[in-house]
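Source file: input28.cif (mmCIF, C-alpha atoms)
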data_model
loop_
_atom_site.label_atom_id
_atom_site.label_comp_id
_atom_site.auth_asym_id
_atom_site.auth_seq_id
_atom_site.Cartn_x
_atom_site.Cartn_y
_atom_site.Cartn_z
CA MET A 252 -28.85 5.54 -37.32
CA SER A 253 -26.06 3.03 -36.68
CA SER A 254 -24.88 2.15 -33.20
CA ASN A 255 -21.55 3.81 -34.04
CA SER A 256 -23.34 7.07 -34.86
CA ARG A 257 -25.31 6.88 -31.62
CA LEU A 258 -22.13 6.32 -29.66
CA ILE A 259 -20.51 9.34 -31.31
CA ILE A 260 -23.53 11.51 -30.49
CA LEU A 261 -23.66 10.28 -26.88
CA THR A 262 -19.95 11.03 -26.57
CA GLU A 263 -20.48 14.52 -27.97
CA ILE A 264 -23.34 15.10 -25.53
CA ALA A 265 -21.15 14.03 -22.62
CA LEU A 266 -18.25 16.21 -23.76
CA MET A 267 -20.34 19.30 -24.48
CA VAL A 268 -22.34 19.03 -21.24
CA GLY A 269 -19.08 18.54 -19.33
CA LEU A 270 -17.55 21.54 -21.08
CA ALA A 271 -20.67 23.60 -20.29
CA ILE A 272 -20.37 22.67 -16.60
CA VAL A 273 -16.70 23.72 -16.58
CA LEU A 274 -17.50 26.96 -18.42
CA SER A 275 -20.30 27.69 -15.95
CA LEU A 276 -17.60 28.03 -13.31
CA PHE A 277 -16.23 30.98 -15.27
CA THR A 278 -19.43 33.00 -15.64
CA LEU A 279 -18.46 36.66 -15.71
CA ASN A 280 -20.49 38.60 -13.12
CA VAL A 281 -20.57 42.38 -13.34
CA VAL A 282 -22.02 44.30 -10.40
CA GLN A 283 -23.90 41.17 -9.24
CA SER A 284 -26.72 41.98 -11.64
CA PHE A 285 -25.31 41.43 -15.11
CA TYR A 286 -23.48 38.35 -16.24
CA LEU A 287 -21.96 36.74 -19.30
CA GLU A 288 -22.71 33.02 -19.42
CA PHE A 289 -20.16 30.99 -21.40
CA ALA A 290 -21.90 27.65 -20.70
CA VAL A 291 -24.44 28.28 -23.47
CA ILE A 292 -21.77 27.98 -26.17
CA PRO A 293 -21.21 24.18 -26.12
CA LEU A 294 -24.93 23.57 -25.58
CA LEU A 295 -25.84 25.69 -28.60
CA TYR A 296 -23.05 24.11 -30.64
CA LEU A 297 -24.57 20.70 -30.00
CA THR A 298 -28.06 21.90 -30.91
CA PHE A 299 -26.90 23.50 -34.16
CA ARG A 300 -24.93 20.38 -35.02
CA HIS A 301 -27.53 17.71 -34.20
CA GLY A 302 -30.90 19.43 -33.85
CA ILE A 303 -33.57 20.06 -31.26
CA LYS A 304 -33.91 16.53 -29.84
CA ILE A 305 -30.21 16.15 -29.02
CA GLY A 306 -30.13 19.76 -27.80
CA LEU A 307 -33.01 19.12 -25.40
CA ILE A 308 -31.30 16.04 -23.99
CA ALA A 309 -28.01 17.89 -23.48
CA ASP A 310 -29.71 20.99 -22.02
CA LEU A 311 -31.73 18.89 -19.57
CA LEU A 312 -28.61 16.95 -18.52
CA TYR A 313 -26.77 20.22 -18.02
CA GLY A 314 -29.57 21.59 -15.83
CA ILE A 315 -29.72 18.41 -13.76
CA LEU A 316 -25.94 18.47 -13.26
CA VAL A 317 -26.02 22.10 -12.15
CA ILE A 318 -28.64 21.15 -9.55
CA VAL A 319 -26.85 17.98 -8.41
CA LEU A 320 -23.49 19.76 -8.19
CA GLY A 321 -25.06 22.62 -6.22
CA GLN A 322 -23.84 25.28 -8.64
CA GLY A 323 -26.97 27.40 -8.49
CA GLN A 324 -28.90 29.50 -6.05
CA PHE A 325 -31.87 27.39 -5.04
CA LEU A 326 -34.93 28.80 -3.31
CA ILE A 327 -37.97 26.62 -3.98
CA LEU A 328 -38.90 23.86 -6.43
CA VAL A 329 -40.71 26.18 -8.87
CA GLN A 330 -37.66 28.46 -9.09
CA ILE A 331 -35.33 25.48 -9.59
CA VAL A 332 -37.48 24.12 -12.42
CA LEU A 333 -37.79 27.56 -14.02
CA GLU A 334 -34.12 28.58 -13.89
CA TYR A 335 -32.24 25.28 -13.93
CA LEU A 336 -34.38 23.03 -16.13
CA LEU A 337 -36.64 25.11 -18.38
CA ALA A 338 -34.18 27.96 -18.97
CA PRO A 339 -31.35 25.76 -20.29
CA MET A 340 -33.80 23.64 -22.29
CA ALA A 341 -35.00 26.82 -24.03
CA LEU A 342 -31.65 26.89 -25.81
CA SER A 343 -32.90 24.04 -28.00
CA VAL A 344 -35.03 26.56 -29.90
CA ALA A 345 -31.79 27.21 -31.82
CA GLY A 346 -32.45 23.92 -33.62
CA PHE A 347 -35.14 25.67 -35.67
CA PHE A 348 -32.43 27.98 -37.08
CA ARG A 349 -29.64 25.52 -37.88
CA LYS A 350 -28.61 27.37 -41.02
CA LYS A 351 -28.72 30.79 -39.31
CA ILE A 352 -26.26 30.63 -36.41
CA PHE A 353 -26.45 34.32 -35.48
CA LEU A 354 -30.25 34.50 -35.49
CA GLY A 355 -30.67 31.11 -33.81
CA THR A 356 -28.24 31.99 -31.05
CA PHE A 357 -29.94 35.29 -30.26
CA ILE A 358 -33.43 33.81 -30.26
CA ALA A 359 -32.40 30.81 -28.13
CA VAL A 360 -30.49 32.90 -25.59
CA PHE A 361 -33.36 35.37 -25.30
CA PHE A 362 -35.77 32.46 -24.76
CA LYS A 363 -33.48 31.19 -21.99
CA TYR A 364 -33.33 34.60 -20.35
CA PHE A 365 -37.10 34.96 -20.59
CA PHE A 366 -37.29 32.24 -17.89
CA HIS A 367 -34.73 34.15 -15.82
CA PHE A 368 -36.78 37.32 -16.31
CA ILE A 369 -39.88 35.58 -14.92
CA ALA A 370 -37.83 34.16 -12.03
CA GLY A 371 -36.45 37.64 -11.40
CA ILE A 372 -39.96 38.99 -10.99
CA LEU A 373 -41.18 36.10 -8.85
CA PHE A 374 -38.15 35.37 -6.68
CA TRP A 375 -35.39 37.98 -6.91
CA GLY A 376 -37.32 41.25 -6.53
CA GLN A 377 -35.69 42.10 -3.19
CA PHE A 378 -32.42 42.70 -5.09
CA ALA A 379 -33.93 45.42 -7.31
CA TRP A 380 -32.00 48.67 -7.27
CA LYS A 381 -33.29 51.31 -4.92
CA GLY A 382 -36.28 53.03 -6.49
CA TRP A 383 -36.65 50.45 -9.26
CA PRO A 384 -39.84 48.39 -9.58
CA VAL A 385 -39.26 44.64 -9.90
CA ILE A 386 -40.38 44.19 -13.52
CA PRO A 387 -38.11 46.87 -15.07
CA TYR A 388 -35.23 45.68 -12.87
CA SER A 389 -35.62 42.08 -14.01
CA PHE A 390 -36.08 43.18 -17.62
CA VAL A 391 -32.93 45.32 -17.64
CA THR A 392 -30.66 42.91 -15.77
CA ASN A 393 -31.75 39.84 -17.72
CA GLY A 394 -31.98 41.74 -21.01
CA VAL A 395 -28.44 43.09 -20.76
CA SER A 396 -27.15 39.68 -19.66
CA ALA A 397 -28.97 38.01 -22.57
CA LEU A 398 -27.63 40.54 -25.05
CA ALA A 399 -24.04 40.14 -23.84
CA THR A 400 -24.25 36.34 -23.74
CA ALA A 401 -25.94 36.10 -27.16
CA THR A 402 -23.40 38.44 -28.75
CA VAL A 403 -20.35 36.54 -27.50
CA ALA A 404 -21.92 33.14 -28.18
CA SER A 405 -23.05 34.04 -31.71
CA LEU A 406 -19.62 35.40 -32.63
CA LEU A 407 -17.81 32.34 -31.29
CA LEU A 408 -20.26 29.85 -32.81
CA SER A 409 -20.20 31.60 -36.19
CA PHE A 410 -16.41 31.43 -36.12
CA LEU A 411 -16.41 27.74 -35.13
CA PHE A 412 -18.81 26.69 -37.87
CA LYS A 413 -17.03 28.74 -40.54
CA LYS A 414 -13.40 28.03 -39.69
CA LEU A 415 -13.29 24.45 -38.43
CA PRO A 416 -13.00 21.57 -40.88
CA VAL A 417 -16.20 19.99 -42.18
CA GLN A 418 -16.08 17.03 -39.77
CA TYR A 419 -16.56 19.46 -36.87
CA GLY A 420 -19.49 21.28 -38.46
CA ARG A 421 -23.11 20.22 -38.81
CA ILE A 422 -23.54 16.55 -39.64
CA ASP A 423 -27.34 16.26 -39.72
CA SER A 424 -28.29 19.17 -42.00
#

Since I need it in another form, could you write the structure as structure tokens?
Amino acid sequence: MSSNSRLIILTEIALMVGLAIVLSLFTLNVVQSFYLEFAVIPLLYLTFRHGIKIGLIADLLYGILVIVLGQGQFLILVQIVLEYLLAPMALSVAGFFRKKIFLGTFIAVFFKYFFHFIAGILFWGQFAWKGWPVIPYSFVTNGVSALATATVASLLLSFLFKKLPVQYGRIDS
């Protein structure tokens, strides 16, 4: 890989992580239990375009920036690692499905929300609806959030990869 190619990829990482941070400010919360997370879109775009390695780097940088910028709800170190490092890095699973945007997006987003599901059981149980056990509550809230996020992200990413000129599509197929 030439130094020019590396510079282009590093620039794309910086732009997509920056865009993800900006989009994270516009997460749509519904009833404080369900949310639509737009930040996954540029992170998944980068993973589909360049593969797992670049996706992991971008996802980790995104998680670190969220922590440094204080954009999350931090309880203890284990919860921070689970929800702000491992969860975003799970999006890189999409790199295994580079030719199947819809499938890759759904699998990657559900992997991400699996970490939130575990965190929901371990750390957020006190917010369960009255009469609801913690595990079903975490499953429903994170499952609905994952489904909504994956649906919107897969539609937008499919559109981007189909409609934009070739230079904006995958370059490392």

Would you write out, as CSV, a table of all residues in stretch 256-354 of chain A that have an atom no more than 9 Å from an atom of stretch 403-407 of chain A, listing for each the closest atom pair and the distance in Å to one decimal, considering all atoms listed in the file and ordering rows by chain and rising residue number?
residue,atom,partner,partner_atom,distance
A:Leu287,CA,A:Val403,CA,8.4
A:Glu288,CA,A:Ala404,CA,8.8
A:Phe289,CA,A:Ala404,CA,7.3
A:Val291,CA,A:Ala404,CA,7.2
A:Ile292,CA,A:Ala404,CA,5.5
A:Leu295,CA,A:Ala404,CA,8.4
A:Ile352,CA,A:Ser405,CA,6.6
A:Phe353,CA,A:Ser405,CA,5.1
A:Leu354,CA,A:Ser405,CA,8.1

Q: Check what the PyMOL selection byres ((chain A and resi 314) around 9) selects in the file above and give those residues as a PyMOL selection string.
A: chain A and resi 309-313+315-319+332+334-340

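Restricting the calculation to all atoms listed in the file, the smallest distance between A:Leu408 and any of A:Ile303, A:Leu266, A:Ile259, A:Ala345 is found for A:Ala345.
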
Q.
Ranking A:Leu342, A:Leu258, A:Ser275, A:Leu415 by minimum distance to A:Phe366 and counting all atoms listed in the file, which one comes first?
A. A:Leu342

Sorted by chain and rising residue number, list the residues of stretch 315-399 of chain A at most 12 Å from stretch 279-283 of chain A (counting only C-alpha atoms), each with its closest atom pair and distance in Å to one decimal, as a Markdown table.
| residue | atom | partner | partner_atom | distance |
| --- | --- | --- | --- | --- |
| A:Phe378 | CA | A:Gln283 | CA | 9.6 |
| A:Ala379 | CA | A:Gln283 | CA | 11.1 |
| A:Trp380 | CA | A:Gln283 | CA | 11.2 |
| A:Thr392 | CA | A:Gln283 | CA | 9.6 |
| A:Asn393 | CA | A:Gln283 | CA | 11.6 |
| A:Val395 | CA | A:Val281 | CA | 10.8 |
| A:Ser396 | CA | A:Asn280 | CA | 9.4 |
| A:Ala399 | CA | A:Leu279 | CA | 10.5 |

Q | Long-range neighbours of A:Gly371 as a ChimeraX atom specification, 9 Å cut-off, all atoms listed in the file, 3 positions minimum in chain | A | /A:366-368,374-376,385-386,388-390,392-393

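Taking all atoms listed in the file into account, A:Phe277 lies nearest to A:Ala290 out of the set A:Ile260, A:Ala265, A:Ala290, A:Ile372.
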
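The space between atom CA of A:Phe361 and atom CA of A:Ser343 spans 11.7 Å.
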
Q | Between atom CA of A:Ala370 and atom CA of A:Leu274, distance in Å (one decimal) | A |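 Taking atom CA of A:Ala370 and atom CA of A:Leu274, their separation equals 22.5 Å.
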
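Minimum distance to A:Ala401 across A:Leu373, A:Lys413, A:Gly382, A:Ile358 (counting only C-alpha atoms) occurs at A:Ile358.
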
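Candidate residues A:Val391, A:Ala397, A:Leu276, A:Leu297 were compared for distance to A:Ala359, and the nearest is A:Ala397, using all atoms listed in the file.
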
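With distances restricted to all atoms listed in the file, A:His301 is the closest residue to A:Ser256 from A:Thr400, A:Tyr364, A:Leu320, A:His301.
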
(Q) Could you tell me how far atom CA of A:Tyr296 sits from atom CA of A:Phe410, in Å to one decimal place? (A)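 Going from atom CA of A:Phe410 over to atom CA of A:Tyr296, I get 11.3 Å.
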
Would you compute an axis-aligned box for stretch 275-283 of chain A, covering every atom listed for it in the file with 4 Å of margin on each side, and report centre and edge lengths in Å to one decimal as lines of an AutoDock Vina configuration file?
center_x = -20.1
center_y = 36.0
center_z = -12.6
size_x = 15.7
size_y = 24.6
size_z = 14.7
